[in-house]
file data-v6.txt (compact mmCIF, C-alpha atoms)
# COMPACT_ATOMS: atom_id res chain seq x y z
CA MET A 215 -46.62 -38.89 18.12
CA SER A 216 -46.66 -35.12 17.68
CA ARG A 217 -49.15 -34.76 20.51
CA LEU A 218 -46.83 -36.67 22.80
CA ARG A 219 -43.98 -34.53 21.64
CA ASP A 220 -45.94 -31.35 22.33
CA PHE A 221 -46.82 -32.65 25.76
CA LEU A 222 -43.22 -33.50 26.56
CA ARG A 223 -42.13 -30.11 25.35
CA PHE A 224 -44.72 -28.30 27.44
CA PHE A 225 -44.04 -30.45 30.48
CA GLY A 226 -40.30 -30.08 30.07
CA ALA A 227 -40.63 -26.32 29.91
CA HIS A 228 -43.07 -25.71 32.75
CA TRP A 229 -43.16 -28.45 35.36
CA LEU A 230 -40.43 -26.82 37.39
CA LEU A 231 -42.12 -23.44 37.37
CA LEU A 232 -45.36 -24.97 38.62
CA LEU A 233 -43.43 -26.80 41.31
CA ALA A 234 -41.59 -23.64 42.34
CA ILE A 235 -44.82 -21.64 42.61
CA ALA A 236 -46.44 -24.34 44.73
CA LEU A 237 -43.41 -24.55 47.02
CA TYR A 238 -43.27 -20.78 47.47
CA LEU A 239 -46.95 -20.71 48.43
CA TRP A 240 -46.23 -23.43 50.95
CA ALA A 241 -43.19 -21.46 52.23
CA VAL A 242 -45.24 -18.29 52.71
CA VAL A 243 -47.81 -20.22 54.73
CA VAL A 244 -45.19 -21.95 56.87
CA SER A 245 -42.96 -18.96 57.51
CA PRO A 246 -43.24 -15.62 55.68
CA GLU A 247 -39.85 -14.44 56.97
CA ARG A 248 -38.02 -17.49 55.68
CA ALA A 249 -39.91 -17.28 52.39
CA ALA A 250 -38.71 -13.69 52.06
CA ALA A 251 -35.14 -14.75 52.83
CA ALA A 252 -35.42 -17.45 50.17
CA ALA A 253 -36.76 -14.91 47.67
CA THR A 254 -33.78 -12.64 48.37
CA VAL A 255 -31.38 -15.49 47.63
CA SER A 256 -33.36 -16.32 44.48
CA VAL A 257 -33.30 -12.79 43.09
CA ARG A 258 -29.66 -12.21 43.97
CA SER A 259 -28.47 -15.42 42.33
CA LEU A 260 -30.61 -14.86 39.25
CA LEU A 261 -29.17 -11.37 38.81
CA SER A 262 -25.63 -12.65 39.26
CA VAL A 263 -25.97 -14.95 36.25
CA ALA A 264 -28.07 -12.66 34.04
CA LEU A 265 -25.15 -11.60 31.83
CA LEU A 266 -23.88 -15.15 31.56
CA VAL A 267 -27.26 -16.39 30.47
CA LEU A 268 -27.51 -13.65 27.85
CA ALA A 269 -24.08 -14.61 26.54
CA VAL A 270 -24.95 -18.32 26.46
CA MET A 271 -28.06 -17.58 24.42
CA GLY A 272 -26.00 -15.38 22.11
CA LEU A 273 -23.67 -18.31 21.46
CA VAL A 274 -26.63 -20.60 20.85
CA GLY A 275 -27.78 -18.15 18.18
CA ILE A 276 -24.36 -18.13 16.52
CA LEU A 277 -23.89 -21.91 16.55
CA GLN A 278 -27.38 -22.65 15.34
CA VAL A 279 -27.27 -20.29 12.39
CA TRP A 280 -23.64 -20.58 11.32
CA ILE A 281 -23.13 -24.31 11.78
CA SER A 282 -25.47 -26.12 9.48
CA ARG A 283 -26.92 -29.30 10.93
CA ASP A 284 -27.28 -30.70 7.42
CA LEU A 285 -23.62 -30.11 6.71
CA VAL A 286 -22.68 -31.89 9.93
CA ALA A 287 -24.94 -34.78 8.96
CA ARG A 288 -23.44 -35.03 5.47
CA MET A 289 -19.89 -35.08 6.83
CA LEU A 290 -20.74 -37.79 9.33
CA GLY A 291 -22.53 -39.94 6.82
CA LYS A 292 -19.60 -40.00 4.42
CA GLU A 293 -16.80 -40.96 6.77
CA ALA A 294 -16.02 -44.38 8.21
CA GLY A 295 -13.30 -45.83 10.44
CA LEU A 296 -11.47 -44.02 13.21
CA LYS A 297 -11.82 -40.70 11.43
CA ALA A 298 -15.59 -41.01 11.59
CA LEU A 299 -15.47 -41.69 15.32
CA LEU A 300 -13.28 -38.67 16.05
CA LEU A 301 -15.38 -36.50 13.78
CA ALA A 302 -18.49 -37.70 15.59
CA ALA A 303 -17.01 -36.61 18.92
CA VAL A 304 -16.23 -33.13 17.55
CA CYS A 305 -19.59 -32.75 15.81
CA GLY A 306 -21.48 -33.78 18.93
CA MET A 307 -19.82 -30.97 20.84
CA VAL A 308 -20.93 -28.24 18.47
CA LEU A 309 -24.34 -29.71 17.83
CA ILE A 310 -26.84 -27.53 19.61
CA GLY A 311 -30.54 -27.95 19.94
CA PRO A 312 -33.11 -29.90 21.88
CA ALA A 313 -33.23 -33.69 21.83
CA TYR A 314 -36.47 -33.75 19.87
CA ILE A 315 -34.59 -32.25 16.92
CA VAL A 316 -31.23 -33.97 17.40
CA PHE A 317 -32.58 -37.52 17.87
CA PRO A 318 -34.49 -37.71 14.56
CA LEU A 319 -31.59 -36.04 12.75
CA LEU A 320 -29.24 -38.75 13.98
CA MET A 321 -31.67 -41.53 13.18
CA SER A 322 -32.00 -40.28 9.61
CA LEU A 323 -28.21 -40.33 9.48
CA ARG A 324 -28.24 -43.93 10.63
CA LEU A 325 -30.76 -44.87 7.97
CA GLN A 326 -28.48 -43.27 5.39
CA GLY A 327 -25.77 -45.70 6.44
CA ALA A 328 -23.83 -44.13 9.31
CA ARG A 329 -22.39 -46.56 11.86
CA TRP A 330 -24.14 -47.08 15.18
CA ALA A 331 -20.91 -46.05 16.91
CA VAL A 332 -21.09 -42.65 15.19
CA ILE A 333 -24.64 -42.10 16.44
CA VAL A 334 -23.77 -43.10 20.01
CA ILE A 335 -20.60 -41.00 20.06
CA VAL A 336 -22.42 -37.92 18.78
CA LEU A 337 -25.05 -38.39 21.49
CA ALA A 338 -22.32 -38.79 24.12
CA SER A 339 -20.32 -35.73 23.14
CA TYR A 340 -23.59 -33.81 22.65
CA THR A 341 -23.71 -33.87 26.47
CA VAL A 342 -20.52 -31.81 26.72
CA LYS A 343 -22.65 -28.67 26.17
CA LEU A 344 -19.78 -26.41 25.18
CA HIS A 345 -21.88 -23.25 25.31
CA MET A 346 -22.86 -23.83 28.96
CA ILE A 347 -19.33 -24.20 30.26
CA PRO A 348 -18.92 -20.65 31.60
CA LEU A 349 -22.06 -21.18 33.65
CA GLU A 350 -20.81 -24.52 34.91
CA VAL A 351 -17.49 -22.95 35.85
CA GLY A 352 -19.34 -20.20 37.71
CA PHE A 353 -21.26 -22.63 39.88
CA LEU A 354 -18.88 -25.55 40.24
CA GLY A 355 -15.38 -24.35 39.38
CA TRP A 356 -13.19 -24.89 36.35
CA GLN A 357 -11.53 -28.09 37.62
CA PHE A 358 -14.91 -29.71 37.91
CA SER A 359 -15.99 -28.55 34.47
CA LEU A 360 -12.75 -29.56 32.78
CA LEU A 361 -12.78 -33.02 34.36
CA ARG A 362 -16.39 -33.60 33.41
CA ILE A 363 -15.73 -32.70 29.78
CA VAL A 364 -12.52 -34.70 29.45
CA LEU A 365 -14.08 -37.78 31.06
CA THR A 366 -17.22 -37.48 28.94
CA LEU A 367 -15.08 -37.45 25.80
CA VAL A 368 -12.84 -40.26 27.05
CA PHE A 369 -15.83 -42.53 27.56
CA ALA A 370 -17.62 -41.52 24.34
CA ILE A 371 -15.72 -43.66 21.83
CA PRO A 372 -15.43 -46.89 23.90
CA SER A 373 -19.12 -46.76 24.78
CA GLY A 374 -19.99 -46.08 21.13
CA LEU A 375 -18.00 -49.10 19.99
CA ALA A 376 -19.44 -51.29 22.73
CA MET A 377 -23.01 -50.38 21.84
CA GLU A 378 -22.32 -50.86 18.15
CA ALA A 379 -20.92 -54.34 18.77
CA PHE A 380 -24.01 -55.24 20.73
CA LEU A 381 -26.53 -53.75 18.29
CA ASP A 382 -24.82 -55.17 15.21
CA THR A 383 -24.80 -58.66 16.67
CA PHE A 384 -28.47 -58.35 17.31
CA GLU A 385 -29.21 -56.93 13.89
CA THR A 386 -27.41 -59.60 11.94
CA ASN A 387 -29.65 -62.09 13.69
CA ARG A 388 -32.70 -60.19 12.57
CA SER A 389 -31.14 -58.51 9.53
CA SER A 390 -33.29 -55.40 9.69
CA LEU A 391 -33.11 -51.97 11.28
CA PRO A 392 -35.09 -51.32 14.45
CA GLY A 393 -37.30 -48.27 14.78
CA ASP A 394 -39.11 -46.16 12.23
CA ALA A 395 -37.64 -43.35 10.19
CA HIS A 396 -38.54 -39.87 11.41
CA ASP A 397 -37.13 -37.44 8.91
CA MET B 870 -19.52 -14.86 38.73
CA ILE B 871 -20.49 -11.41 37.51
CA SER B 872 -17.01 -10.77 36.14
CA VAL B 873 -16.98 -14.16 34.39
CA GLY B 874 -20.33 -13.21 32.92
CA LEU B 875 -19.05 -9.85 31.78
CA VAL B 876 -16.02 -11.37 30.01
CA TYR B 877 -18.10 -14.04 28.34
CA PHE B 878 -20.74 -11.53 27.33
CA MET B 879 -18.13 -9.21 25.79
CA LEU B 880 -16.56 -12.11 23.86
CA ILE B 881 -19.93 -13.03 22.41
CA ALA B 882 -20.69 -9.40 21.61
CA MET B 883 -17.35 -9.18 19.77
CA ALA B 884 -18.14 -12.37 17.87
CA TYR B 885 -21.41 -10.80 16.79
CA GLY B 886 -19.54 -7.70 15.68
CA LEU B 887 -17.19 -9.78 13.52
CA LEU B 888 -19.96 -11.92 12.07
CA TRP B 889 -21.94 -8.80 11.27
CA ARG B 890 -19.17 -7.90 8.80
CA VAL B 891 -19.36 -11.32 7.16
CA SER B 892 -23.10 -11.43 6.80
CA LYS B 893 -25.55 -8.95 8.22
CA GLU B 894 -28.43 -11.22 7.32
CA LYS B 895 -27.17 -14.31 9.14
CA THR B 896 -26.17 -12.25 12.16
CA ASP B 897 -29.70 -10.89 12.41
CA GLN B 898 -30.92 -14.44 12.19
CA SER B 899 -28.55 -15.44 15.01
CA LEU B 900 -29.89 -12.62 17.17
CA MET B 901 -33.40 -13.80 16.51
CA VAL B 902 -32.55 -17.39 17.44
CA ALA B 903 -30.84 -16.11 20.60
CA ARG B 904 -33.85 -14.02 21.55
CA LYS B 905 -36.23 -16.89 20.96
CA ALA B 906 -34.07 -19.25 23.00
CA LEU B 907 -33.94 -16.73 25.83
CA VAL B 908 -37.69 -16.11 25.85
CA SER B 909 -38.50 -19.80 25.84
CA LEU B 910 -36.02 -20.35 28.65
CA LEU B 911 -37.22 -17.51 30.87
CA PRO B 912 -39.93 -19.44 32.79
CA LEU B 913 -37.42 -22.19 33.47
CA LEU B 914 -34.79 -19.75 34.71
CA VAL B 915 -37.27 -18.13 37.09
CA ALA B 916 -38.27 -21.58 38.31
CA ILE B 917 -34.71 -22.75 38.89
CA PHE B 918 -33.63 -19.72 40.82
CA SER B 919 -36.82 -19.78 42.87
CA LEU B 920 -35.92 -23.32 43.82
CA VAL B 921 -32.32 -22.38 44.59
CA GLY B 922 -33.55 -19.80 47.10
CA LEU B 923 -36.01 -22.20 48.69
CA PHE B 924 -33.37 -24.91 48.73
CA GLN B 925 -30.87 -22.78 50.65
CA GLU B 926 -33.46 -21.58 53.14
CA PHE B 927 -35.54 -24.69 53.73
CA VAL B 928 -33.58 -27.83 52.95
CA PRO B 929 -31.73 -28.83 56.13
CA PRO B 930 -28.06 -29.60 55.46
CA GLU B 931 -28.45 -32.77 57.53
CA LEU B 932 -30.85 -34.11 54.92
CA ILE B 933 -28.37 -33.49 52.11
CA GLU B 934 -25.61 -34.98 54.19
CA ARG B 935 -27.68 -38.06 54.94
CA TRP B 936 -28.53 -38.80 51.30
CA LEU B 937 -25.71 -37.22 49.35
CA GLY B 938 -22.94 -36.83 51.92
CA ALA B 939 -19.49 -38.37 51.72
CA ALA B 940 -20.29 -40.70 54.64
CA SER B 941 -22.97 -42.45 52.56
CA GLY B 942 -20.36 -43.28 49.90
CA GLY B 943 -21.64 -45.47 47.10
CA GLU B 944 -25.22 -44.92 48.18
CA ALA B 945 -24.83 -41.15 47.77
CA LEU B 946 -23.35 -41.71 44.32
CA ILE B 947 -26.36 -43.74 43.24
CA VAL B 948 -28.84 -41.30 44.79
CA GLY B 949 -27.18 -38.42 42.92
CA GLY B 950 -27.22 -40.33 39.65
CA ALA B 951 -30.83 -41.39 40.11
CA LEU B 952 -31.97 -37.84 40.89
CA GLY B 953 -30.30 -36.64 37.69
CA ALA B 954 -31.80 -39.49 35.67
CA VAL B 955 -35.41 -38.66 36.50
CA ALA B 956 -34.93 -34.90 36.15
CA ILE B 957 -35.63 -33.30 32.81
CA GLY B 958 -34.66 -29.85 31.67
CA PRO B 959 -31.58 -28.22 30.16
CA PRO B 960 -28.23 -28.47 31.93
CA LEU B 961 -28.63 -24.78 32.60
CA ALA B 962 -30.96 -25.87 35.39
CA ALA B 963 -28.66 -28.55 36.77
CA PHE B 964 -25.70 -26.29 37.53
CA PRO B 965 -27.30 -23.91 40.06
CA LEU B 966 -29.03 -26.78 41.83
CA ALA B 967 -25.80 -28.75 41.95
CA GLY B 968 -24.05 -25.67 43.35
CA SER B 969 -26.60 -25.48 46.17
CA MET B 970 -26.14 -29.18 46.91
CA LEU B 971 -22.38 -28.77 47.18
CA GLU B 972 -22.79 -25.82 49.52
CA ALA B 973 -25.15 -27.83 51.69
CA GLY B 974 -22.48 -30.49 52.16
CA ALA B 975 -23.10 -33.00 49.37
CA TRP B 976 -20.21 -35.24 48.34
CA ALA B 977 -18.57 -33.97 45.11
CA PRO B 978 -18.76 -37.35 43.29
CA ALA B 979 -22.49 -37.59 44.03
CA VAL B 980 -23.02 -34.07 42.66
CA ALA B 981 -20.96 -34.88 39.56
CA ALA B 982 -22.98 -38.05 38.99
CA PHE B 983 -26.13 -35.94 39.37
CA ILE B 984 -25.03 -33.52 36.66
CA VAL B 985 -23.71 -36.05 34.16
CA SER B 986 -26.77 -38.21 34.58
CA TRP B 987 -29.09 -35.16 34.29
CA ILE B 988 -27.58 -34.32 30.92
CA SER B 989 -27.14 -37.80 29.47
CA VAL B 990 -29.86 -40.00 31.00
CA GLY B 991 -33.54 -39.30 30.41
CA VAL B 992 -36.00 -41.61 32.11
CA ILE B 993 -38.94 -39.32 31.36
CA THR B 994 -37.95 -38.90 27.71
CA LEU B 995 -37.17 -42.61 27.27
CA PRO B 996 -40.43 -43.35 25.37
CA TYR B 997 -39.59 -40.63 22.86
CA GLU B 998 -36.03 -41.83 22.43
CA ALA B 999 -37.33 -45.37 21.93
CA SER B 1000 -39.79 -44.18 19.27
CA VAL B 1001 -36.92 -42.65 17.30
CA PHE B 1002 -34.10 -45.16 17.74
CA GLY B 1003 -35.94 -48.31 18.78
CA SER B 1004 -36.41 -49.47 22.36
CA ARG B 1005 -33.33 -51.70 22.43
CA PHE B 1006 -31.07 -48.78 21.56
CA ALA B 1007 -32.79 -46.35 23.93
CA LEU B 1008 -32.73 -48.71 26.89
CA LEU B 1009 -29.15 -49.72 26.31
CA ARG B 1010 -27.94 -46.16 25.83
CA ASN B 1011 -29.63 -44.94 29.00
CA VAL B 1012 -28.35 -47.80 31.14
CA LEU B 1013 -24.84 -47.33 29.79
CA SER B 1014 -25.02 -43.56 30.27
CA PHE B 1015 -26.19 -44.02 33.86
CA LEU B 1016 -23.25 -46.30 34.66
CA ILE B 1017 -20.86 -43.90 32.98
CA ALA B 1018 -22.35 -41.03 34.98
CA LEU B 1019 -21.60 -42.89 38.22
CA LEU B 1020 -18.11 -43.69 37.00
CA ILE B 1021 -17.39 -40.11 35.95
CA GLY B 1022 -18.76 -38.85 39.27
CA TRP B 1023 -16.51 -41.20 41.17
CA LEU B 1024 -13.46 -40.29 39.07
CA ILE B 1025 -14.08 -36.56 39.51
CA GLY B 1026 -14.25 -37.15 43.24
CA MET B 1027 -10.92 -38.98 43.15
CA VAL B 1028 -9.16 -36.08 41.48
CA LEU B 1029 -10.77 -33.07 43.14

call {"tool": "encode", "arguments": {"input": "data-v6.txt", "output": "structure tokens"}}
result
Amino acid sequence: MSRLRDFLRFFGAHWLLLLAIALYLWAVVVSPERAAAAATVSVRSLLSVALLVLAVMGLVGILQVWISRDLVARMLGKEAGLKALLLAAVCGMVLIGPAYIVFPLLMSLRLQGARWAVIVIVLASYTVKLHMIPLEVGFLGWQFSLLRIVLTLVFAIPSGLAMEAFLDTFETNRSSLPGDAHD
Amino acid sequence: MISVGLVYFMLIAMAYGLLWRVSKEKTDQSLMVARKALVSLLPLLVAIFSLVGLFQEFVPPELIERWLGAASGGEALIVGGALGAVAIGPPLAAFPLAGSMLEAGAWAPAVAAFIVSWISVGVITLPYEASVFGSRFALLRNVLSFLIALLIGWLIGMVL
């Protein structure tokens, strides 16, 4: 399992770079002038977001150190009902970190008794990516960003409840939890 | 974008200043996490912006229009969503690419579906998700997220 995880991590981090290098080599062969023009665009756009990227990483540092994942997990495990669902939506938004950390954390929460809906809602609002919003606004405009976030949150709770209904029906037939614990 | 970056950067710098007063130790830790995140992201950033340059210079707008243009309607929406579903990488990578697509004449709903599906659907990481949550959950969540991505894309297009 850990080898697969390492592979996914490596692949996730570097496949694009390998692709970009290969494409640039191809571009230089096909047309050096157009490759140079492309490189100018590349450098200019990278420089234009440099400060933003630094700021985003700064926020990642703050959220990861000052918001304890364990505390979030404990809060979510204790609550039930509508309050749990709303809390899940909020927690998902401030939860930062790669999927290979967040997934097992949520599964351990599930095994401690959290509702399926809570898990699904956290995963849905985890896609809001609060810290990236300035970057999104820069490239796509604030209307786009705002709409995406609002719609993501609007769909989070219904889809969580729908998945829970489905999974619970299935589980009562089998009366056991699927998947292994990865704590 | 540079001025947005400057404002955001100053806000974060101020936050660090305030947190420094609360706990010097934790603030140092935050800086370390930030530095590590940045370093691990650097190859990806270089890759993305290399691609953005190549994209603008070499991808003919007609191609984008054919596959992701407004005239293709529902097909463009599905193509956008499918592209996002097979892509892996942080959303940081999706935004510049999506920006280039829009500039090249892609339909806004298709681009929105691309982004939402990039962030929430992971075909490549599906085996890992299944190993954690069980395959039923993983499959169901990804299918549902894909449909929601198309729906959100379409709704964004309606409003914008």

call {"tool": "residues_around", "arguments": {"input": "data-v6.txt", "residues": "Glu944 in chain B", "least_positions_apart": "4", "cutoff": "12 Å", "atoms": "all atoms listed in the file", "output": "list in words"}}
result
Glu934, Arg935, Trp936, Leu937, Gly938, Ala939, Ala940, Val948, Gly949, Gly950, Ala951, Trp976, Pro978, Ala979, Ala982, Leu1019 and Trp1023 of chain B

call {"tool": "atom_distance", "arguments": {"input": "data-v6.txt", "atom1": "CA of Leu273 in chain A", "atom2": "CA of Met321 in chain A"}}
result
25.9 Å

call {"tool": "interface_residues", "arguments": {"input": "data-v6.txt", "of": "chain B", "to": "chain A", "cutoff": "7 Å", "atoms": "all atoms listed in the file", "output": "ChimeraX atom specification"}}
result
/B:870-871,874-875,877-878,881,895,898-900,902-903,906-907,912-913,916,918-923,926,957-958,961,964-965,968,988-989,1000-1003,1021,1025

call {"tool": "atom_distance", "arguments": {"input": "data-v6.txt", "atom1": "CA of Val1012 in chain B", "atom2": "CA of Val985 in chain B"}}
result
13.0 Å

call {"tool": "closest_residue", "arguments": {"input": "data-v6.txt", "among": "B:Ala977, B:Val876, B:Ala882, B:Val955", "to": "Met1027 in chain B", "atoms": "all atoms listed in the file"}}
result
B:Ala977

call {"tool": "atom_distance", "arguments": {"input": "data-v6.txt", "atom1": "CA of Pro960 in chain B", "atom2": "CA of Ser986 in chain B"}}
result
10.2 Å

call {"tool": "residues_near_point", "arguments": {"input": "data-v6.txt", "point": "(-17.9, -47.6, 11.5)", "cutoff": "6 Å", "atoms": "all atoms listed in the file", "output": "VMD selection string"}}
result
chain A and resid 294 to 295 329

call {"tool": "write_last_selection", "arguments": {"input": "data-v6.txt", "atoms": "C-alpha atoms", "output": "compact mmCIF listing (two decimals), in the coordinates of the input"}}
result
# COMPACT_ATOMS: atom_id res chain seq x y z
CA ALA A 294 -16.02 -44.38 8.21
CA GLY A 295 -13.30 -45.83 10.44
CA ARG A 329 -22.39 -46.56 11.86

call {"tool": "closest_residue", "arguments": {"input": "data-v6.txt", "among": "A:Leu375, A:Val336, A:Ala303, A:Leu290", "to": "Val316 in chain A", "atoms": "all atoms listed in the file"}}
result
A:Val336

call {"tool": "closest_residue", "arguments": {"input": "data-v6.txt", "among": "B:Ser969, B:Ser1004, B:Thr994, B:Ser1014", "to": "Phe221 in chain A", "atoms": "all atoms listed in the file"}}
result
B:Thr994

call {"tool": "closest_residue", "arguments": {"input": "data-v6.txt", "among": "A:Val242, A:Leu296, A:Val286, A:Met307", "to": "Ile371 in chain A", "atoms": "all atoms listed in the file"}}
result
A:Leu296

call {"tool": "closest_residue", "arguments": {"input": "data-v6.txt", "among": "A:Val308, A:Ala236, A:Ala287, A:Ile281", "to": "Gly327 in chain A", "atoms": "all atoms listed in the file"}}
result
A:Ala287
